[in-house]
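Enquirer: The structure under discussion is supplied below as C-alpha cells; questions concerning it will follow.
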Amino acid sequence: MREKLAAIAEKYDALTQQLQMPEIYSDSVQYTKLSREQRELAPIAEAYQRLLKLEADMSSARELMDDPDLRELAREEYDAAREAIEDAESELRTLLLPRDPDDDKSVIIEIRGGAGGEEAALFAHTLFRMYSMYAETRRWKVDVANINETELGGIKEVSFIIEGRGAYSRLKFESGVHRVQRVPDTESSGRIHTSTVTVAVLPEMDEVDLEINPVDLQIDTFRSSGAGGQHVNKTESAIRITHLPTGTVVECQDERSQRQNRERAMKILASRLYEEERRRQTEEVAAERHRQVGTGDRSERIRTYNYPQNRITDHRISTNFNKFDQILNGAIDEIIDALTMADRAARLEASGGD
C-alpha cells in the first residue's frame, strides 16, 4: 500500500505543478481534464500527508521517552499518534478502493407503480416528491422527461433527470423495489394494504458516451397526452424511440419542441442501454456482487415504509429509521450515509483489507 500511496502523492504534486503552467492554464480542455484528475487524487494525497506527519510525531515522541523529565508526556503523545495512525491507515484503505467511474454523473430516475393498483401509484408520487425535495436541498435541478398520472393524483410511471455533480454517487443505492404498508383512505375496516413501487437509478449518459447505430432506432412522433396547454396537444412534439435490437422503448413528451424531446429521449435510451450492459457484466461476477450493498437488482425488495408504525426499514442493512415524515420530505441523507458505509465495509472485506 505504501508504494501505491507514494506514487499517488507524487502524481498529485506533478499535476499541481502542471496546472500552474501558463500553457496548461490557457488550454481550457486540458486544464479541465487535469483539474478533474487532481481533484480525484486530492483526498488520498492529503490523507497520506497526514499519515506521514503522524508517523514523524510518533518517532519524535519515541526519542523523547529517553528523557526522564519528558517520559510521561512523550508516552501520551506517542500513544495518541499511534492511535491516530491506525485511523489514518483505515481511512486510506477505504480511499484506495476502486471508485465507481459514474459517481460524478447526474442521474435518470424511473419510478413505476407495481403491485397495489392506485395505492402503488399514490406511493410512486410520494417517492417522486421525496427525491425531488432531496434534490432541492442539494441545489440540483430536476427535469421531468415523461410522466403518466392517474385521476386520483398518483403516478403510474415517471422518468426524470436530476442534474448535479455527484448525484449518482448519492442516489445509486435507491434502485430496487420499495414496499409500502398503510391503511388506504378508502379502507373503512382499517385493514393495512401492502403495495410496491419500482425505482431504477441510471447514470446519465450522452449519445457520445455510448455508440448507438441510427439504423437500430425506430423513431415515432405523437401528440402529448399530458399537461402543457394547447400547443403541446395540437402538435406532434412527443417522441417515442425504440431500440430494435433490445426492444427498449423510451418516450419523452415533457418538452415543447420535438427536437428537445428527441435529445432527452436519446439520453435516457443511452443510459438504459449502458445500465443493461453494466448489469450483464456484473452478473458475471455474481458471487462478489452478493457480498455488496446496493446491487441495483430491481427484483430485490430493498426497503419497507410502514405507516402505522411510523418506521422505515432498509432490508439490505437490516436498519430501521424512525424520522418517517422528515425522510418522506427529502431528508434521506441518513439512509444514504448508512448504505454508503455498509458498501465500503463490504468492499473492504471483499478486498481482504489490503
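Naming scheme: A, B, ... for chains in displayed order of the C-alpha cells; residues 1 onward per chain; ligands 1 onward as shown.
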Considering only C-alpha atoms, return as a list in words whatever protein or nucleic-acid residues lie within 12 Å of Ile212 in chain A, sequence-local ones (same chain, fewer than 6 positions apart) excluded.
Expert: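 Listing them by chain and then by number gives Met205, Asp206, Thr242, His243, Leu244, Pro245, Thr246, Met266, Lys267, Leu269, Ala270, Ser271, Arg272, Leu273 and Tyr274 of chain A.
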Enquirer: Can you tell me which residues surround range 117-125 of chain A at a distance of at most 9 Å, considering only C-alpha atoms, apart from same-chain residues fewer than 4 positions away, and format the answer as number ranges by chain?
Expert: A: 111-113, 129-130, 149-150, 152-158, 179-180, 184, 193-199
Enquirer: With a distance cut-off of 7 Å and only C-alpha atoms, select the neighbouring residues of Cys252 in chain A, excluding the residue or stretch itself and same-chain residues fewer than 3 positions from it, and output the selection as a list in words.
Expert: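 With the cut-off at 7 Å, the set is Ala145, Asn146, Ala238, Ile239, Arg240, Asn261, Arg264 and Ala265 of chain A.
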Enquirer: If you run DSSP over the backbone, which residues in range 108-217 of chain A end up alpha helix (DSSP H)? Put them as a ChimeraX atom specification.
Expert: /A:118-137,167-171
Enquirer: Using Å and a single decimal, report how far CA of Lys33 in chain A sits from CA of Gln49 in chain A.
Expert: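 Computing the Euclidean distance for CA of Gln49 in chain A and CA of Lys33 in chain A yields 24.0 Å.
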Enquirer: Pick out the residues sitting within 10 Å of Leu51 in chain A, and hand them over as a list in words; count only C-alpha atoms, and ignore anything fewer than 5 positions along from it in its own chain.
Expert: Ala45, Glu46, Ala56, Asp57, Ala81, Ala84, Ile85, Glu86, Asp87, Ala88, Glu89 and Leu92 of chain A
Enquirer: Rounded to one decimal place, report the CA of Arg182 in chain A-CA of Asn322 in chain A distance in Å.
Expert: 15.5 Å
Enquirer: Looking at A:Pro22, A:Pro214, A:Gly176, A:Gly190, which one is nearest to Gly114 in chain A, with distances taken over only C-alpha atoms?
Expert: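 With only C-alpha atoms as the atom set, the closest residue is A:Gly176.
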Enquirer: Quick one: residues within 12 Å of Arg303 in chain A, only C-alpha atoms counted, chain neighbours fewer than 4 positions away excluded, as an NGL selection string?
Expert: :A and (173-181 or 195-199 or 294 or 298-299 or 311-321 or 335 or 339)
Enquirer: Mind checking which residues fall within 6 Å of Val107 in chain A, counting only C-alpha atoms, ignoring those fewer than 5 positions away in the same chain, and posting them as a PyMOL selection string?
Expert: chain A and resi 161-162+168+202-204
Enquirer: Would you export the selected residues with N, CA and C atoms as an mmCIF file, in the first residue's frame, please?
Expert:
data_model
loop_
_atom_site.group_PDB
_atom_site.id
_atom_site.type_symbol
_atom_site.label_atom_id
_atom_site.label_comp_id
_atom_site.auth_asym_id
_atom_site.auth_seq_id
_atom_site.Cartn_x
_atom_site.Cartn_y
_atom_site.Cartn_z
ATOM 1 N N ILE A 161 -34.819 13.502 -14.722
ATOM 2 C CA ILE A 161 -33.368 13.663 -14.618
ATOM 3 C C ILE A 161 -33.058 14.590 -13.457
ATOM 4 N N ILE A 162 -32.122 14.173 -12.616
ATOM 5 C CA ILE A 162 -31.606 15.044 -11.563
ATOM 6 C C ILE A 162 -30.193 15.429 -11.968
ATOM 7 N N TYR A 168 -25.311 10.678 -8.838
ATOM 8 C CA TYR A 168 -25.347 9.215 -8.922
ATOM 9 C C TYR A 168 -24.721 8.573 -7.687
ATOM 10 N N LEU A 202 -30.279 5.408 -12.946
ATOM 11 C CA LEU A 202 -29.293 5.202 -14.005
ATOM 12 C C LEU A 202 -28.366 6.410 -14.092
ATOM 13 N N PRO A 203 -27.064 6.196 -14.282
ATOM 14 C CA PRO A 203 -26.183 7.346 -14.529
ATOM 15 C C PRO A 203 -26.530 7.968 -15.876
ATOM 16 N N GLU A 204 -26.618 9.287 -15.913
ATOM 17 C CA GLU A 204 -26.985 9.953 -17.164
ATOM 18 C C GLU A 204 -25.850 9.820 -18.175
#
Enquirer: So, counting only C-alpha atoms, which residue among A:Ser60, A:Ser169, A:Thr221, A:Asn148 is closest to Arg99 in chain A?
Expert: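 Nearest to Arg99 in chain A: A:Ser169.
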Enquirer: I need the residue nearest Asp343 in chain A from this list: A:Val144, A:Ile302, A:Leu217, A:Leu97. Use only C-alpha atoms for the distance.
Expert: A:Leu97
Enquirer: Quick one: residues within 10 Å of Ser132 in chain A, only C-alpha atoms counted, chain neighbours fewer than 6 positions away excluded, as a list of chain:residue names?
Expert: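 Counting only C-alpha atoms, the residues come to A:Thr126, A:Trp140, A:Lys141, A:Val142, A:Asp143, A:Phe160, A:Ile161, A:Ile162, A:Asn329, A:Gly330.
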Enquirer: From the set A:Glu72, A:Glu40, A:Asp67, A:Glu77, which residue has the shortest atom-to-atom contact distance to Pro101 in chain A, counting only C-alpha atoms?
Expert: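 Checking each candidate against Pro101 in chain A, we get A:Glu40 as the closest.
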Enquirer: One number please: CA of Glu163 in chain A to CA of Lys105 in chain A, in Å, one decimal.
Expert: 8.1 Å
Enquirer: Measuring between only C-alpha atoms, which one of A:Val249, A:Ala167, A:Leu127, A:Met21 shows the shortest distance to Leu328 in chain A?
Expert: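 So, comparing all the options, the nearest one is A:Leu127.
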Enquirer: Give me every strand (DSSP E or B) residue in range 235-282 of chain A, going by DSSP on the backbone, as a list in words.
Expert: Ala238, Ile239, Arg240, Ile241, Thr242, His243, Thr248, Val249, Val250, Glu251 and Cys252 of chain A
Enquirer: Just N, CA and C atoms for this one: save the residues we selected as an mmCIF file, in the first residue's frame.
Expert:
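Output below, filename selection-v3.cif:
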data_model
loop_
_atom_site.group_PDB
_atom_site.id
_atom_site.type_symbol
_atom_site.label_atom_id
_atom_site.label_comp_id
_atom_site.auth_asym_id
_atom_site.auth_seq_id
_atom_site.Cartn_x
_atom_site.Cartn_y
_atom_site.Cartn_z
ATOM 1 N N ALA A 238 -44.231 15.023 -29.042
ATOM 2 C CA ALA A 238 -43.780 13.900 -28.220
ATOM 3 C C ALA A 238 -43.027 12.884 -29.085
ATOM 4 N N ILE A 239 -42.032 12.235 -28.461
ATOM 5 C CA ILE A 239 -41.154 11.307 -29.191
ATOM 6 C C ILE A 239 -41.175 9.936 -28.518
ATOM 7 N N ARG A 240 -41.235 8.909 -29.356
ATOM 8 C CA ARG A 240 -41.072 7.534 -28.880
ATOM 9 C C ARG A 240 -39.928 6.905 -29.674
ATOM 10 N N ILE A 241 -38.895 6.457 -28.985
ATOM 11 C CA ILE A 241 -37.749 5.833 -29.653
ATOM 12 C C ILE A 241 -37.680 4.372 -29.235
ATOM 13 N N THR A 242 -37.607 3.486 -30.221
ATOM 14 C CA THR A 242 -37.481 2.053 -29.957
ATOM 15 C C THR A 242 -36.118 1.576 -30.432
ATOM 16 N N HIS A 243 -35.359 0.979 -29.525
ATOM 17 C CA HIS A 243 -34.067 0.391 -29.892
ATOM 18 C C HIS A 243 -34.350 -1.041 -30.330
ATOM 19 N N THR A 248 -35.908 -1.963 -26.299
ATOM 20 C CA THR A 248 -36.034 -0.883 -25.320
ATOM 21 C C THR A 248 -36.810 0.283 -25.911
ATOM 22 N N VAL A 249 -37.821 0.744 -25.184
ATOM 23 C CA VAL A 249 -38.672 1.842 -25.659
ATOM 24 C C VAL A 249 -38.581 3.005 -24.681
ATOM 25 N N VAL A 250 -38.367 4.204 -25.219
ATOM 26 C CA VAL A 250 -38.297 5.424 -24.410
ATOM 27 C C VAL A 250 -39.264 6.448 -24.989
ATOM 28 N N GLU A 251 -40.066 7.057 -24.123
ATOM 29 C CA GLU A 251 -40.965 8.134 -24.540
ATOM 30 C C GLU A 251 -40.589 9.406 -23.798
ATOM 31 N N CYS A 252 -40.699 10.537 -24.489
ATOM 32 C CA CYS A 252 -40.447 11.830 -23.878
ATOM 33 C C CYS A 252 -41.430 12.832 -24.451
#
Enquirer: Between A:Ala350, A:Tyr48, A:Gln38, A:Lys172, which has the minimum distance to Glu3 in chain A (counting only C-alpha atoms)?
Expert: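 Between A:Ala350, A:Tyr48, A:Gln38, A:Lys172, the residue approaching Glu3 in chain A most closely is A:Tyr48.
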